[in-house]
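Here the structure is laid out as structure tokens; the discussion comes afterwards.
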Amino acid sequence: MTSAKIVVAGGFGAGKTTFVGSVSEIVPLTTEAMMTDASTGIDDLAATPNKATTTVAMDFGRVSLDEDLILYLFGTPGQQRFWFMWDDLVRGAIGAVVLADTRRLADSFAPVDFFEDRGLPYVVGLNAFDGRQPHRVEDVRDALAIDESVPIVHCDARERESVKQSLITMVEYAMQQWVARRDGTA
Ligand SMILES: Nc1nc2c(ncn2[C@@H]2O[C@H](COP(=O)(O)OP(=O)(O)OP(=O)(O)O)[C@@H](O)[C@H]2O)c(=O)[nH]1
Ligand SMILES: [Mg+2]
């Protein structure tokens, strides 16, 4: 039995808490706080008008990918004022899923940079808001200037199977990267 830590990151309201919640086999630990008038003008709710809460510390969940691999999922807070916690949250992780809301792709620049800077393997999950995937994967890759080796997958954070597929892609990619580094080919 092996376990691994995976971080679920991304911009404000990209669907991180939803992602962890739809796949976790335990009741996920969440740290949601109500969005209040104090955030007006700071946190943009135009894209997610029904969003009533925001993560102020982390999400935590657990999922078994198969009989001998358990993933512990740590969702980051999305608001910029809480990003100081990301360094602690990623400690010991084998990799990350960066969730992107393709209607606001620019919010993904900072999370992508964060993992690039630290050399932590990440995959990008294009979360289907409005049930649509408006951009082609290669266009997103160009827009975010992401290396062609980094997997970019379509996903729906509300769908367990879709989330699980994104996690499998993440784990396979992290293992590949690990082997490549060990063999000096990365
Ligand atoms: N249509 C659609 N809505 C989604 C999807 N994922 C999340 N949502 C909705 O979008 C809003 C934001 O979801 P959260 O999971 O709270 O996002 P988050 O990234 O954890 O947000 P912060 O922690 O505040 O950064 C919620 O109202 C969700 O119900 C999705 O795949 N499709
Ligand atoms: Mg959240």
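So you can find residues: chains in the structure tokens are A, B, ... in the order shown, residues in each start at 1, and ligands are numbered from 1 in order.
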
Using only C-alpha atoms and all ligand atoms, tabulate the residues of chain A lying at most 6 Å from any atom of ligand 2, each with its closest atom pair and that distance in Å to one decimal, by chain and increasing residue number, as a Markdown table.
```
| residue | atom | partner | partner_atom_place_in_ligand_line | distance |
| --- | --- | --- | --- | --- |
| A:Lys16 | CA | ligand 2 | 1 (Mg) | 5.1 |
| A:Thr17 | CA | ligand 2 | 1 (Mg) | 4.0 |
| A:Thr54 | CA | ligand 2 | 1 (Mg) | 5.4 |
| A:Thr55 | CA | ligand 2 | 1 (Mg) | 4.1 |
| A:Pro77 | CA | ligand 2 | 1 (Mg) | 5.5 |
```

File of the preceding selection, N, CA, C and O atoms, as a PDB file, in the first residue's frame:
```pdb
ATOM      1  N   LYS A  16     -11.810  24.133  -7.176  1.00  0.00           N
ATOM      2  CA  LYS A  16     -10.918  23.267  -6.398  1.00  0.00           C
ATOM      3  C   LYS A  16     -11.669  22.500  -5.299  1.00  0.00           C
ATOM      4  O   LYS A  16     -11.509  21.288  -5.151  1.00  0.00           O
ATOM      5  N   THR A  17     -12.485  23.214  -4.540  1.00  0.00           N
ATOM      6  CA  THR A  17     -13.227  22.574  -3.443  1.00  0.00           C
ATOM      7  C   THR A  17     -14.220  21.555  -4.013  1.00  0.00           C
ATOM      8  O   THR A  17     -14.373  20.453  -3.475  1.00  0.00           O
ATOM      9  N   THR A  54     -15.935  30.720   0.189  1.00  0.00           N
ATOM     10  CA  THR A  54     -14.581  30.614  -0.364  1.00  0.00           C
ATOM     11  C   THR A  54     -13.689  29.881   0.633  1.00  0.00           C
ATOM     12  O   THR A  54     -13.940  29.911   1.837  1.00  0.00           O
ATOM     13  N   THR A  55     -12.660  29.224   0.104  1.00  0.00           N
ATOM     14  CA  THR A  55     -11.751  28.454   0.957  1.00  0.00           C
ATOM     15  C   THR A  55     -10.748  29.388   1.626  1.00  0.00           C
ATOM     16  O   THR A  55     -10.080  30.156   0.934  1.00  0.00           O
ATOM     17  N   PRO A  77      -6.377  27.441  -1.058  1.00  0.00           N
ATOM     18  CA  PRO A  77      -7.293  28.584  -1.175  1.00  0.00           C
ATOM     19  C   PRO A  77      -6.992  29.309  -2.484  1.00  0.00           C
ATOM     20  O   PRO A  77      -5.854  29.307  -2.947  1.00  0.00           O
TER      21      PRO A  77
END
```

| task | Could you give me, as a PyMOL selection string, every polymer residue with an atom at most 10 Å away from an atom of ligand 1, counting only C-alpha atoms and all ligand atoms? | result | chain A and resi 8-22+30-35+43+45+47-59+75-80+82+99-101+126-132+155-159+162-163

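Proximity of A:Glu161, A:Thr36, A:Ser149, A:Ala93 to Tyr173 of chain A, computed with only C-alpha atoms, is greatest for A:Ser149.
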
| message | I'd like the neighbourhood of Pro151 of chain A as a PyMOL selection string, where a residue qualifies if any of its atoms comes within 9 Å (using only C-alpha atoms), though same-chain residues fewer than 2 positions away should be ignored. | response | chain A and resi 122-125+147-149+153+169-170+173

Restricting it to C-alpha atoms, dump the selection as a tab-separated table (two decimals), in the first residue's frame.
```tsv
chain	number	residue	atom	x	y	z
A	122	TYR	CA	1.67	19.53	-12.53
A	123	VAL	CA	-1.11	18.85	-14.99
A	124	VAL	CA	-3.68	21.42	-16.06
A	125	GLY	CA	-7.36	20.53	-15.72
A	147	ASP	CA	5.72	23.03	-22.21
A	148	GLU	CA	4.39	20.37	-24.56
A	149	SER	CA	5.26	17.60	-22.11
A	153	VAL	CA	-6.94	17.54	-19.71
A	169	THR	CA	-3.08	11.52	-15.47
A	170	MET	CA	-1.37	13.48	-12.68
A	173	TYR	CA	2.93	12.10	-15.22
```

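Separating atom CA of Ser24 of chain A from atom CA of Pro121 of chain A is a distance of 21.7 Å.
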
| Do you have the atom CA of Asp142 of chain A-atom CA of His154 of chain A distance handy? |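 Distance between the two atoms: 15.8 Å.
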
| query | What separation in Å, quoted to one decimal, exists between atom CA of Leu144 of chain A and atom CA of Trp83 of chain A? | reply |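 Computing the Euclidean distance for atom CA of Leu144 of chain A and atom CA of Trp83 of chain A yields 19.8 Å.
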
| message | Just want the 7 Å neighbourhood of Val137 of chain A, counted on only C-alpha atoms, with same-chain residues fewer than 3 positions away dropped. Output as a list in words. | response | Val140, Arg141 and Ile152 of chain A

| request: Using only C-alpha atoms, find the one residue out of A:Ala110, A:Ala143, A:Ala96, A:Ile168 that sits nearest to Val63 of chain A. | output: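 Of A:Ala110, A:Ala143, A:Ala96, A:Ile168, the one nearest Val63 of chain A is A:Ile168, counting only C-alpha atoms.
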
| said: Ranking A:Thr102, A:Gln133, A:Ser108, A:Ser3 by minimum distance to Leu73 of chain A and counting only C-alpha atoms, which one comes first? | reply: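 Nearest candidate to Leu73 of chain A out of A:Thr102, A:Gln133, A:Ser108, A:Ser3: A:Ser3.
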
| request: Please identify which residues in segment 28-153 of chain A DSSP calls strand (DSSP E or B) from the backbone, and express them as a PyMOL selection string. | output: chain A and resi 29+32-34+53-55+59-66+69-75+95-101+122-127+152-153

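Candidate residues A:Leu105, A:Ala46, A:Val98, A:Leu89 were compared for distance to Phe74 of chain A, and the nearest is A:Leu89, using only C-alpha atoms.
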
| task | Would you list, as a count of residues only, the residues of segment 50-173 of chain A that end up in alpha helix (DSSP H) under DSSP run on this structure's backbone? | result | 36

| query | Which residue, A:Glu67, A:Asp87, A:Glu25, A:Asp139, has the smallest gap to Phe115 of chain A when you use only C-alpha atoms? | reply |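 Between A:Glu67, A:Asp87, A:Glu25, A:Asp139, the residue approaching Phe115 of chain A most closely is A:Asp87.
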
| message | Using only C-alpha atoms, can you tell me which of A:Gly119, A:Pro134, A:Pro111, A:Pro28 comes closest to Gly61 of chain A? | response |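 Closest to Gly61 of chain A of all the choices is A:Pro28.
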